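Read the structure below first, then the notes.
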Amino acid sequence: MSVVQQFRYLAPSTAGADGVALQTSGGPAANPRFFSGFLTTPPAAAAGLLAVADVARTRYYQPRDPASLDPVVTGSDDRLRFESFSGCCGVYARLDIIPPGLDGEVLGHGTTNVDVNPPLREALARIAGLDPLHLSVGPDALTASTLDGTIVEKKVPLPARWLRGFAEVHVLSAGFDLRAELPAAEAAAFLRRLPAAGDRSALWAVPAGRSLRLTSRPVPGAVCLAGAGRLAALRPLLRHGHSLRVYGPPVAAGSPPVASAWELRTGALRLTLTLSPEVHRGFSGEGAALTSLATDEVTDDAELVGALLAWDPAIDVAALADAAALDPGRVRAALAQLGTAGRVGYDVTEAAYFHRVMPYDAARAERDNPRLVGARTLAESGAVTFDGPASAEGVTAATVRSGTETYRVRVLRDGTTTCTCPWWGKHRGTRGPCKHALAVTIAGSSAGSTA
Amino acid sequence: MIDLGLIADGKVEDVAAAVAALDEPGRPAAFKALEAHVKSRSRAPWRGPAYTAVAVAAVGTAPSAAAAARILRRRDFSPIPTTAAAVVATARDRGITWLPDLAVRLSDRTDDNLWDGTWDFVAALLTATGAPAPPGDWFVLGWLMDVGYPRKDRLRSVPVAERLRADPFLDDIVPRLFTADGAGERLLIWQLQGRPGGTLALVEALSELSREGRLDRAALLSSTLSRLLRGTDRRPATRAYLALLTALAPAPAEVAGHAGDYLRLLSDAPVPVATAAQKSLRAAGDLDLDAVLESSRAVLRRPDKTLVRTQLTWLEQLIRHHPDRGADIAAALTEALDHPAIDLRERAAALLAKHAPAAAPAASPAHPAAPPTRGDDLPPPPPPVPAPPPITDPDELAEEVAAFYSGRPFSALLPMERILDGTVRLAAADRPALAAALRPVLERHREGMGEHRWDPNCLCGAFTGVLQAAVDPHAQPASPSGWAAILTAARRFLSLGEAPPDRRIPPPQRLLRARLAEIGLHLNAQTLPGDGLLSAPGWTSGALDTDVLLDRLAARAAHEPPDRESPGRDPWPWDLAQAMLRLPPGPDPAAAGRAEALGTPAGARLATWLRGGGLPAPQWRVDVRPRPPQKHRYDHSHAGFPALRVEVTTSPAEADGGGETFGLLGAPPPPIMPGGQGWHVLWPGVLPRHRGLVAVFALPATAAAADMDERGGAVILPLLAETEGDGGPALAIAVAYALAARHESDRLAAVDALLLLAAGDAFDAETTGHHLGLLSAGGAVTVNRTVQPLRDAAAAGAPRTVFRLLAAALPALLAAEPPPRGTPDLLTLAAETAAAAPAGTRIEGLRELAARKGSSRLVTEARRLAGALP
């Protein structure tokens with residue numbers, strides 16, 4: 001079921017020579033105020049904000065007239081993070097304005113929506129010059145007190161698929177490593193060399209010299225670039241950039257397409273675009289955290305860990321493990337689960353989660369994941385039959401009957417699952433466990449708890 | 001009450017009369033009945049008079065606009081324009097004032113269906129009541145649709161400007177043309193393409209109205225600039241707004257007034273917009289120099305050559321006009337010294353030398369992409385990867401089979417080899433368990449497992465037959481010929497050396513099929529060894545080490561002496577043949593001794609093979625074949641053939657010892673038109689130590705990637721680069737073809753192979769270059785396509801190899817009259833990599849070309865290369 005998200009801003013966001021005033025709605029308060037101060041690099045910051053706003057309005061697959069949600073901003077300690085997620089659920093953008101880019105104080109912590117309107121976009125595009133520019137996030141006292149009828153209200157449908165993808169992209173990024181760092185000139189040359197915007201193929205690139213080289217197939221160390229046109233949002237910021245960093249999961253020969261993250265750094269800003277493995281595939285179907293959701297243990301840990309978070313810009317797993325009296329592995333699993341609930345995000349640069357609570361009800365979407373629902377149905381209808389105790393190699397096998405079909409699921413010693421269904425055969429675990437494997441996990445854990 | 005039957009029948013006047021006859025207290029009940037009636041008939045679409053009747057009844061009885069909209073907004077409703085009059089009349093009779101509100105509610109849509117008539121209905125309601133246009137983009141888009149191509153035929157002949165003047169919504173809508181999403185595309189009237197007015201009729205009309213003063217010109221101009229600045233529109237929309245900007249023809253003073261916007265467009269907008277902005281700005285004259293210089297830095301970094309060249313010219317003019325600011329302008333000019341295009345770098349350097357000698361670089365700047373080293377600087381080729389362990393669990397085998405059929409079957413050899421090995425192994429160990437695990441998977445994939453009879457190379461039937469025989473020993477292959485027939489053919493064409501009738505099936509493919517038949521036969525006969533296949537690869541490349549094979553044979557011989565009771569332990573001939581072909585070539589007397597010592601027939605066969613050095617080294621023969629001539633005027637039998645095709649054939653060496661060759665040497669070349677479904681990717685694993693031979697069989701497919709625009713012909717090249725053996729001429733020629741392939745993925749594969757081979761010092765750059773030049777000069781391949789892949793290869797650390805390749809290709813290219821497109825770019829690349837050339841390198845024809853008069857690009861680049869040669 002799709003829900004409608006309502007935004008109520010006290011005034012439209014504006015930008016001009018006297019500063020950028022962004023209006024907020026939702027989150028910790030109805031219209032919270034997070035920041036008042038100066039941007040040290042206004043043209044770059046404006047280009048970055050535009051990029052985030054662009055991604056929010058774009059559908060990269062089956063482009064249609066854009067209609068999507070406003071970006072969200074998180075104020076935490078010393079930085080502002082603007083995030084957006086494309087309408088096609090395949091591109092995630094985040095602009096981090098890090099301490100060198102801000103001169104002022106973060107007044108409040110939390111996450112809220114930011115109003116983006118066409119005049120603001122045009123005004124942002126006009127921002128030039130080197131002098132610091134005033135930035136405020138949230139209404140000032142004057143706007144908050146005089147309700148002079150400029151209230152902006154928007155209603156936007158909030159599809160479950162979109163929510164799930166927005167949350168899941170973070171869990172997926174947690175498996176990324178730095179693959180390459182390109183200086184600005186090489187980055188520009190590489191982006192220029194990519195195929196035109198209409199190209200939807202999954203390309204692979206490997207580090208070569210100071211740059212990246214396109215290659216015809218996945219090899220260890222390669223990054224996948226699916227739908228190179230989706231990197232267009234980086235272009236406006238490119239001339240302010242110092243370097244481009246590329247992140248991706250480990251790749252082996254013969255790997256299917258995988259997700260990747262492209263981070264443009266200017267010293268004061270970091271703009272990260274995370275791309276789904278294929279243009280037609282959203283992040284919602286990646287199933288990175290389904291196994292942990294299938295059982296209740298991690299849920300309890302997540303509750304505990306969630307209560308300890310305090311808007312940290314980078315969550316220290318070791319410190320959190322001490323505070324929660326859990327081992328780091330369980331904390332990581334708990335964080336992954338919090339990620340799927342939209343309660344933490346992942347920053348590939350810091351290789352750490354950061355605390356932010358999405359101003360939507362995201363937990364519901366993940367719990368209602370179709371694959372998980374199907375697995376629960378299978379497990380509850382007794383479709384799972386275990387072979388017996390684990391074999392000498394530590395493999396537990398089970399038969400799952402779904403309709404007229406019979407599938408065999410194996411749980412290997414390291415906890416990964418395999419199946420004989422075509423879906424698993426096609427993705428081989430790269431998109432999380434299949435419905436049958438999840439059903440075995442659920443049946444196994446309930447059998448374990450009743451025994 | 002209203003007779004609901006009248007509504008369904010579309011009796012509008014009767015319904016109107018019935019509504020008029022109702023008194024106010026009776027209306028709520030009538031409305032409820034109407035709503036229930038409409039709901040009950042949800043399947044039937046409401047169109048034409050029936051819709052009008054519903055609308056009249058709804059407006060005549062509804063308590064509010066919201067209630068009426070609830071009925072009329074249904075998706076199965078489709079009004080016709082004439083509906084409005086009756087509705088307006090009813091509303092007037094009833095004395096209600098919420099018709100505009102109803103119109104607003106009906107237009108509150110986000111879909112893009114503008115053709116169902118709702119827009120016309122809404123517009124008619126608004127016009128009749130004199131209300132303004134409702135908010136929302138949907139109404140704007142509908143307005144554009146209606147203005148551009150009215151649904152009333154008679155209006156279409158009226159000029160657009162005239163229609164606009166009479167339009168009641170014009171002033172409401174025009175500002176919103178620049179804010180609504182999707183408005184830009186609809187500013188172009190595609191229906192008028194090629195007719196009076198053309199696609200830009202609406203744009204022209206808007207500017208005409210602004211000239212008349214009907215529209216506010218200043219507002220139009222700044223809105224257009226704003227929309228262009230937004231920069232998120234797709235190309236047709238950008239074209240429309242740019243056309244409007246051009247039609248408005250801003251005066252220099254107006255441009256100067258918006259200089260900030262124009263400069264931003266010049267530095268960031270798409271090329272057509274930036275070009276227009278550049279032109280306007282240069283004509284505007286009086287601009288703030290600092291702003292121009294700031295934007296110049298961004299412009300000079302753009303890849304668009306014409307834009308940058310014009311910008312350089314503009315900056316030169318500015319130097320002349322502002323001699324006092326020469327230093328600042330020169331500082332901006334230095335930005336172009338890093339431009340990827342060498343001619344622009346030189347132009348910038350020349351300008352600097354002329355106007356600001358202090359800021360000019362000492363020499364022409366090095367290309368940023370060319371590494372400073374003189375030779376190749378490539379990472380060593382990756383070490384070989386051991387093959388994954390064999391499959392020993394029936395469930396794992398079932399998973400692999402499911403994965404095989406769920407992905408692209410036969411896209412790699414290794415998964416297939418593992419399945420075959422696992423099947424034999426598990427069938428010998430526990431056949432019922434294997435059958436139980438495999439059966440559901442085979443059932444699920446029974447579609448699409450059959451033989452593709454149009455493809456003579458197809459293995460689907462044989463492979464599926466093997467799996468079915470594993471499940472049921474009595475199953476026979478679906479393949480028309482059966483196992484025995486396949487084996488007979490293999491014996492004739494691979495063992496006895498008869499010339500096969502169908503040269504579309506190369507020997508490696510026959511060998512694969514023979515092995516499948518052999519396995520199928522033994523699965524049927526239930527004569528299976530417990531240790532899988534002898535030929536199972538030890539490395540992912542398909543290669544097998546001699547020691548491993550000897551160990552396998554020894555294990556078989558030791559386990560039980562071969563006798564009639566356990567025929568499965570006797571090595572199968574084709575399995576052993578494949579295993580032998582996977583061994584390192586060259587005589588190996590020590591290993592031969594070990595094989596002989598086994599005392600089995602298989603041991604003796606292997607010993608002979610090892611002693612003889614395996615497959616004899618082939619003698620290569622390269623032929624360049626022109627397209628067969630037309631026999632008569634209407635002979636099109638060779639129409640699809642390339643102008644030239646290079647063919648490589650092999651023959652056994654003179655001193656051939658008469659050992660087994662499996663028909664691999666001296667096989668007829670495969671036909672020019674390859675057909676088939678990319679079976680060649682399997683062959684490197686069949687002959688992992690003889691890549692030159694595989695290249696011979698795969699060459700037609702790779703060549704077709706370049707001269708027949710096929711896709712995927714070059715994916716085999718990186719696989720060949722990872723296998724071993726002498727590449728021979730076929731591999732080098734295949735790389736030449738692949739560099740000029742039609743599709744980017746094939747060209748990338750060529751670069752991958754080139755770099756891998758060069759890193760292993762196994763790349764014959766001269767042969768590749770020679771044939772590239774020959775084929776390009778002969779018009780068989782498009783040499784222009786090789787510029788980017790070669791540039792990539794040079795940048796990736798192989799400038800020396802690229803230079804050697806180019807030095808071999810250029811003589812033929814320069815001798816062609818005229819040299820093919822892309823030759824100047826190759827000369828540039830050669831000049832940029834010439835630092836890696838050995839001293840005294842001469843390129844035939846270069847000096848003569850460089851000595852020619854003129855300043856054509858070809859001659860300029862030839863001079864550059866001649867000057868760069870060490």
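For the structure tokens, the naming scheme is as follows: chains receive sequential letters (A, B, ...) according to their order of presentation, residues are indexed from 1 within each chain, and ligands are indexed from 1 in presentation order.
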
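For stretch 22-90 of chain A, backbone-based DSSP assignment of strand (DSSP E) covers Leu22, Thr24, Ser25, Phe35, Ser36, Gly37, Phe38, Leu39, Val72, Val73, Thr74, Gly75, Ser76, Arg79, Leu80, Arg81, Phe82, Glu83, Ser84 and Phe85 of chain A.
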
Contact set, chain B to chain A: 6 Å, only C-alpha atoms, as a ChimeraX atom specification
/B:182,226,230,399,402-403,406-407,745,748-749,796

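Nearest-residue note for B:Ala91: choosing from B:Val401, B:Ala558, B:Ala243, B:Val59, the minimum distance belongs to B:Val59, counting only C-alpha atoms.
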
Do you know which residues are at most 10 Å from A:Tyr61 counting only C-alpha atoms, after dropping those on the same chain fewer than 6 positions away, and could you put them as a PDB file with C-alpha atoms, in the first residue's frame?
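Below you can see part_38.pdb, which holds the result:
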```
ATOM      1  CA  SER A  86      15.453   9.072  -7.115  1.00  0.00           C
ATOM      2  CA  GLY A  87      11.908   8.265  -8.134  1.00  0.00           C
ATOM      3  CA  CYS A  88      13.060   5.081  -9.859  1.00  0.00           C
ATOM      4  CA  CYS A  89      14.646   3.855  -6.593  1.00  0.00           C
ATOM      5  CA  GLY A  90      17.990   3.382  -8.327  1.00  0.00           C
ATOM      6  CA  ARG A 200      21.853   1.568 -19.941  1.00  0.00           C
ATOM      7  CA  GLY A 227      23.768   3.369 -16.664  1.00  0.00           C
ATOM      8  CA  ARG A 230      23.059   8.444 -14.021  1.00  0.00           C
ATOM      9  CA  GLU A 278      21.279  -2.059 -13.142  1.00  0.00           C
ATOM     10  CA  VAL A 279      19.275   0.868 -14.435  1.00  0.00           C
ATOM     11  CA  HIS A 280      16.016  -1.034 -14.283  1.00  0.00           C
ATOM     12  CA  ARG A 281      16.698  -2.347 -10.808  1.00  0.00           C
ATOM     13  CA  GLY A 282      15.950  -0.322  -7.728  1.00  0.00           C
TER      14      GLY A 282
END
```

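Between atom CA of A:Gly267 and atom CA of A:Pro250 the interatomic distance comes to 27.3 Å.
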
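Across the model, the gap from atom CA of B:Asp746 to atom CA of B:Pro811 is 25.6 Å.
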
Contacts of A:Asp96 at 6 Å or less, counting only C-alpha atoms, minus same-chain residues fewer than 6 places along, as an MDAnalysis selection string?
chainID A and resid 80:81 269:270

Residues of stretch 12-70 of chain B in helix (DSSP H, G or I), written as number ranges by chain
B: 12-21, 24-40, 48-61, 65-70

7 Å contact set for A:Gln23, only C-alpha atoms, chain neighbours under 5 positions out, as number ranges by chain
A: 9, 11-13, 114-115, 137-139

Which value, in Å to one decimal, gives the distance between atom CA of A:Val331 and atom CA of A:Asp301?
7.3 Å

May I have the residues within 6 Å of stretch 614-627 of chain B as an MDAnalysis selection string, using only C-alpha atoms and disregarding those fewer than 2 positions away in the same chain?
chainID B and resid 585 609:610 612 643:653 661

Identify, on the basis of only C-alpha atoms, every residue whose closest approach to B:Ala412 does not exceed 9 Å; exclude the query and any residue fewer than 2 positions from it along the same chain; express the result as a PyMOL selection string.
chain B and resi 408-410+414-416+681-682+685

Since we have the selection now, will you write its residues out, keeping C-alpha atoms, as a PDB file, in the first residue's frame?
```pdb
ATOM      1  CA  ARG B 408      22.835 -17.584 -20.078  1.00  0.00           C
ATOM      2  CA  PRO B 409      23.608 -21.243 -20.751  1.00  0.00           C
ATOM      3  CA  PHE B 410      26.949 -22.020 -22.390  1.00  0.00           C
ATOM      4  CA  LEU B 414      33.912 -23.940 -16.509  1.00  0.00           C
ATOM      5  CA  PRO B 415      30.387 -24.227 -15.004  1.00  0.00           C
ATOM      6  CA  MET B 416      29.548 -26.786 -17.676  1.00  0.00           C
ATOM      7  CA  VAL B 681      33.674 -18.499 -25.841  1.00  0.00           C
ATOM      8  CA  LEU B 682      33.791 -22.184 -24.892  1.00  0.00           C
ATOM      9  CA  GLY B 685      38.853 -23.803 -22.263  1.00  0.00           C
TER      10      GLY B 685
END
```

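Across A:Ser381, A:His109, A:Arg371, A:Ala390, the tightest approach to A:Ala437 is made by A:Arg371 when counting only C-alpha atoms.
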